Amino acid sequence: MLGISDPTVGGGDTGTSTIDRPPDAEPEVTTTNGHGTAAAAETPAPAVEFEEATAAPPLPIRPVPPIIVRKRLVRGRYRSASGSWLLTLRVDVDGNRPTKRISGDFFTVSGSTTSYFGSFTVHSPTVTTTASQVKVEGLGTFTWAAGAPKLRLTINRASLFEAPKPGTLEFLTVSNNPGATYHCPFESGFFRTVSYEQDSVAGTVPFLAYNTGSLPQPAGSPARVLTVPGAFAEAGLELLTTGGTNVIPVSSAGANAKWSDAELHAAMVNHFSGFTNAARWQVWMLVATAHDGGYRGIMFDYGDAFQRQGAAVFYDAIGGADAATQRSQLRTYVHELGHAFNLLHSWQKNLANPPAPLGPNGGLADLSWMNYDWKYQESAGGPGGAAAYWAAFPFQFTDNELVHLRHGFYRDVIMGANAFGTGAAEVDPDLFDEPLVDHSGLALELRSPKPGFAYGEPVVVELKLAGTELRGRATHGYLHPNDDLVSIAVQQPSGRTVLYRPMLRHCVDEDRTVQVGVNQAALYESAYIGFGADGFLFEAPGTYRLRATYIAGDGSRVISPVLRVRVRPPATPADEAAAELLLGEEQGQLLALLGSDASQLGKGVSAIDTLLDRFPDHPLAVYGRLVKGVNQQRDFKELTTDKTLRIREANGTEAASLLGQVAEASIADSGGVGGVDNVTLNLAMRTQAKAEAKAGHPDQARDVLRQLVRTFENKNLNPLVLEGIRQQARETLDAIEGAAEE
C-alpha cells in the first residue's frame with residue numbers, strides 16, 4: 001500500500017491519508033509551498049491608508065500544509081556485473097523485521113559460463129541514515145581469505161515516485177586502504193527468488209490459502225490471508241510458481257494409493273533427471289495421497305544435486321476444509337519447504353553446519369514453522385502442546401531462521417548444494433556427552449544384533465528406550481533415526497565423528513504419546529544405518545563407536561552409552577568380491593529403500609543380480625534376496641518425467657521364494673554370522689506372507705505367519721516383545737483376509 005499525503009483532503013488538514021501504503025515505506029516530512037519551493041512563514045499585509053477612505057484589509061494568506069514525501073526503505077537485492085565478476089548483494093537494514101545485515105555472493109564469469117566463487121556477510125554493521133542516503137559499514141565474514149574484508153555500502157534514498165537508487169559497495173583493507181568498488185543497481189525487493197513447482201496426485205486437494213484470523217491467534221499478530229508463497233514472502237523470499245498444479249492421474253494405481261519411500265525416491269530422481277547435476281534455486285512439491293508409514297510430509301535428502309530439492313506432503317494425513325485443518329496444512333507445506341532451504345527442526349539447530357544456537361528450552365519453545373505443534377513446550381515441565389503452540393504462534397520464522405534464509409552463505413541455502421544439517425562433516429563429539437543431571441526418567445540403549453559385521457554387510461542397530469521410574473514416564477514413541485527425534489553419531493576407525501543422515505526425512509508431525517515403564521516396559525526399534533544421504537558409513541574394517549541422542553517429549557536429551565561395533569576384514573577373495581558388489585552407491589540406495597524400480601538405479605540392481613548369480617551361497621546373498629523380495633512383493637508406482645503414473649504389478653511368486661530363502665537362512669543361523677537380525681526377519685516373514693497371498697496361496701500365507709510366531713517363541717524374548725510380534729502377525733493376517741474380500 002502506498003502512503004502519501006493528499007493536501008486536498010480535509011480542506012488543508014495537515015493529516016495524511018493512506019492509499020496503497022507498502023510496508024517498506026516510511027515518511028519523510030518536507031515543508032513546501034504551493035509551487036514546490038520552500039515556503040517562508042507569511043503574515044497578513046498591513047492595511048494601506050488613503051486620504052478619503054480606508055480599504056478593507058485583505059484576507060490573510062493561509063500557510064499551505066506540509067506535504068509528506070515518503071521515502072523508500074533501503075532493502076532487497078542488488079546486482080553488479082563488472083568484467084569477470086558478478087555480485088549479488090542483499091541489503092537488510094530497513095522494512096519488515098530487518099536483521100541489520102548485508103550479504104552477498106560472488107560469481108566468476110568466463111565466456112559463456114558462470115561459476116560460484118564465494119559469499120560474505122556483515123553481521124553487525126554500523127548503519128547511518130540521513131534524509132538523502134543510507135550508509136552501511138562493517139567487517140565481513142567471508143568463505144575465503146579476503147584481502148579487503150571491510151565494506152562500505154552507500155545507497156541514495158528515493159521517494160516512492162522514483163525507482164530505487166543503486167548502491168555503491170566499496171571494499172577496504174583492515175588499514176582502510178581502498179580495494180574494489182562495485183556499482184550495484186537495484187534488482188528486487190526480495191532477498192532471494194526460487195522457482196516453485198507443485199504436482200498433485202488425482203484425488204488430492206492442494207492447499208491454497210488460510211486466513212489467520214479464522215481462529216484465535218496471539219495479540220499483535222495481524223489477521224491476513226496466507227498462501228505458501230505468501231508465508232515465504234513475509235520472510236523476504238520470493239517463490240515463483242511455475243504455473244498451475246499438474247494433476248497426475250491414478251486410474252492405473254489400483255487400490256494401493258499409498259506411497260513408499262522407494263516410490264517417492266524414484267519420483268524425485270525422475271523429476272530432476274532432465275536437469276544438470278548442479279545447485280539451483282528450484283524446489284518441487286508433490287502432493288500425494290498417503291505414505292505407507294502414515295507420515296504427513298517428507299523431505300528428499302539424497303546427495304548430488306537432488307538433496308533438498310524436493311518434498312512431499314500426504315493429503316490423507318493433512319487434508320480437510322475446516323479452519324484448524326487448513327491452518328495445519330499451511331504449516332506442513334511451509335515446514336517441508338523450510339527443510340529445502342536447509343532449515344532444521346527447532347531442536348536440531350545445534351547440528352547445523354555451521355551450528356546455530358538452540359532456542360529456549362532446547363529449541364522446543366521456538367514459535368516457528370520449523371517446530372512441531374505437539375512438540376512445543378515453553379519451559380521444561382511447563383505447559384505445552386498444540387493448543388499452546390497455536391495460541392502463541394505468529395505465523396513466521398524465528399529471527400535466527402530469517403538470518404539463515406536471507407543471509408546464509410550461498411551453498412548453505414541453495415537447493416542441491418551443501419547437505420542438510422551437518423551430515424558427513426565432522427560433528428563435535430561433546431554434543432553427545434552425558435548430561436550432568438538427568439531426571440528424564442528414561443534410558444536409551446543402542447544394541448548390535450550381531451557380535452560383529454562382515455566386510456560389506458549392512459549395519460543394523462537396535463534401539464531400546466526404557467523407563468527408569470516405577471510410575472512410568474510419558475514421552476513420544478518415535479525411536480527411528482529417520483524420524484529426526486533420534487540422532488546417531490558414529491566415530492569411525494580414523495577418529496572422525498559423523499552423523500547418520502537418512503536419504504529421506506520423515507516429518508512425524510503427530511502426537512504419539514506413550515507411557516514407558518508401566519504397561520509398556522520399553523520401546524524397541526531397528527534401523528539400518530549403514531548407508532544414508534552421505535553414502536556408506538561403515539565401509540572400512542575396524543572398530544566403530546556409536547552413541548545416540550533421543551529428544552524426549554519434555555525436551556530432555558537422553559544419551560545412550562557408547563556401543564562398539566566391529567567390521568571384520570574379508571577373510572577370503574570371495575568375501576571381498578561379494579562385499580564389493582554390495583558397496584556401490586546405487587546398491588546402498590537399494591538397501592536403504594529395500595529395493596526400487598527407478599531406472600537410475602539400474603547398475604545397482606545389476607550388481608545385486610551378479611552377487612546372487614556368482615555367490616548364491618555367500619552369507620551376503622541374503623541381503624540381495626531381501627532387497628529384491630520386498631520390492632517384488634509391492635505394486636510399484638513410478639512417476640515418469642512426463643507426469644504419467646506407471647504401475648508395475650507385484651510378483652507374489654518370486655517375492656515369496658526370495659523372502660522364504662531369507663527366512664530359512666536367518667532361522668538356521670545360530671552363530672549370528674549369516675542371516676538378518678530379528679527385527680528384519682520379522683519384517684521379511686510378514687512380507688513373505690503378503691507375497692504368498694498375492695500369489696494366490698492363502699494357506700501358505702497363514703503357515704508363514706504361524707512359523708513367524710513359533711520362531712520368535714523359541715528365541716527366549718521378553719514377554720511384552722513377544723506379544724507385540726504376535727499382534728503384528730494378527731494384523732498382517734487381518735490385512736491379507738481383508739484384501740481377499742475386496
# chains A, B, ... in the order shown; residues from 1 in each chain; ligands from 1
>>> residues_around(residues="segment 504-518 of chain A", least_positions_apart="6", cutoff="7 Å", atoms="only C-alpha atoms", output="CSV table (one decimal) with N, CA and C atoms, in the first residue's frame")
chain,number,residue,atom,x,y,z
A,295,TYR,N,3.0,-40.9,7.5
A,295,TYR,CA,3.6,-39.5,7.8
A,295,TYR,C,2.8,-38.4,7.1
A,296,ARG,N,3.0,-37.2,7.6
A,296,ARG,CA,2.4,-36.0,7.0
A,296,ARG,C,3.2,-35.4,5.9
A,297,GLY,N,4.5,-35.6,6.0
A,297,GLY,CA,5.4,-35.0,4.9
A,297,GLY,C,6.8,-35.6,5.0
A,298,ILE,N,7.6,-35.4,3.9
A,298,ILE,CA,8.9,-35.9,3.9
A,298,ILE,C,9.7,-34.8,3.1
A,299,MET,N,11.1,-34.9,3.3
A,299,MET,CA,12.0,-34.1,2.5
A,299,MET,C,13.0,-35.0,1.9
A,300,PHE,N,13.2,-34.9,0.6
A,300,PHE,CA,14.2,-35.7,-0.1
A,300,PHE,C,15.6,-35.1,0.3
A,301,ASP,N,16.5,-36.0,0.7
A,301,ASP,CA,17.8,-35.5,1.2
A,301,ASP,C,18.9,-36.4,0.7
A,372,TYR,N,7.3,-28.6,15.7
A,372,TYR,CA,6.0,-29.3,15.7
A,372,TYR,C,5.1,-28.7,16.7
A,374,TRP,N,2.7,-30.2,18.4
A,374,TRP,CA,2.6,-31.1,19.5
A,374,TRP,C,3.9,-31.1,20.4
A,466,ALA,N,13.8,-47.3,27.6
A,466,ALA,CA,13.1,-47.9,28.8
A,466,ALA,C,12.8,-46.8,29.8
A,467,GLY,N,11.8,-47.1,30.7
A,467,GLY,CA,11.6,-46.2,31.8
A,467,GLY,C,12.4,-46.5,33.0
A,468,THR,N,12.8,-45.5,33.8
A,468,THR,CA,13.6,-45.8,35.0
A,468,THR,C,12.8,-45.5,36.3
A,469,GLU,N,11.5,-45.1,36.2
A,469,GLU,CA,10.7,-44.8,37.3
A,469,GLU,C,9.6,-45.7,37.4
A,470,LEU,N,9.2,-46.1,38.7
A,470,LEU,CA,8.1,-47.0,38.9
A,470,LEU,C,6.8,-46.5,38.4
A,471,ARG,N,6.6,-45.2,38.4
A,471,ARG,CA,5.3,-44.6,38.0
A,471,ARG,C,5.3,-44.4,36.4
A,472,GLY,N,6.4,-44.7,35.8
A,472,GLY,CA,6.4,-44.6,34.3
A,472,GLY,C,6.7,-43.1,33.9
A,473,ARG,N,6.9,-43.0,32.6
A,473,ARG,CA,7.2,-41.6,32.1
A,473,ARG,C,6.5,-41.5,30.7
A,474,ALA,N,5.8,-40.4,30.5
A,474,ALA,CA,5.1,-40.1,29.2
A,474,ALA,C,6.1,-39.5,28.3
A,475,THR,N,6.1,-40.0,27.1
A,475,THR,CA,7.0,-39.4,26.0
A,475,THR,C,6.4,-39.8,24.7
A,476,HIS,N,7.1,-39.5,23.6
A,476,HIS,CA,6.6,-39.9,22.3
A,476,HIS,C,7.2,-41.2,21.9
A,477,GLY,N,6.6,-41.8,20.9
A,477,GLY,CA,7.0,-43.2,20.5
A,477,GLY,C,7.9,-43.2,19.3
A,482,ASN,N,15.3,-42.0,11.2
A,482,ASN,CA,14.7,-41.4,10.1
A,482,ASN,C,13.6,-40.4,10.4
A,483,ASP,N,13.1,-40.4,11.7
A,483,ASP,CA,12.1,-39.5,12.1
A,483,ASP,C,12.6,-38.3,12.8
>>> select_by_dssp(residues="segment 479-586 of chain A", states="alpha helix (DSSP H)", output="list in words")
Pro573, Ala574, Asp575, Glu576, Ala577, Ala578, Ala579, Glu580, Glu585 and Glu586 of chain A
>>> residues_around(residues="Asp94 of chain A", least_positions_apart="4", cutoff="12 Å", atoms="only C-alpha atoms", output="number ranges by chain")
A: 23-26, 71-76, 90, 98-102, 127-129, 134, 136, 157, 189, 236
>>> atom_distance(atom1="atom CA of Val313 of chain A", atom2="atom CA of Val287 of chain A")
5.2 Å
>>> residues_around(residues="Ala443 of chain A", least_positions_apart="5", cutoff="10 Å", atoms="only C-alpha atoms", output="number ranges by chain")
A: 438, 464-468, 522, 550, 558-561
>>> residues_around(residues="Val490 of chain A", least_positions_apart="6", cutoff="8 Å", atoms="only C-alpha atoms", output="count of residues only")
9
>>> residues_around(residues="Ala663 of chain A", least_positions_apart="3", cutoff="12 Å", atoms="only C-alpha atoms", output="ChimeraX atom specification")
/A:622-623,625-626,629,656-660,666-669,674-689,704-705,707-708,711
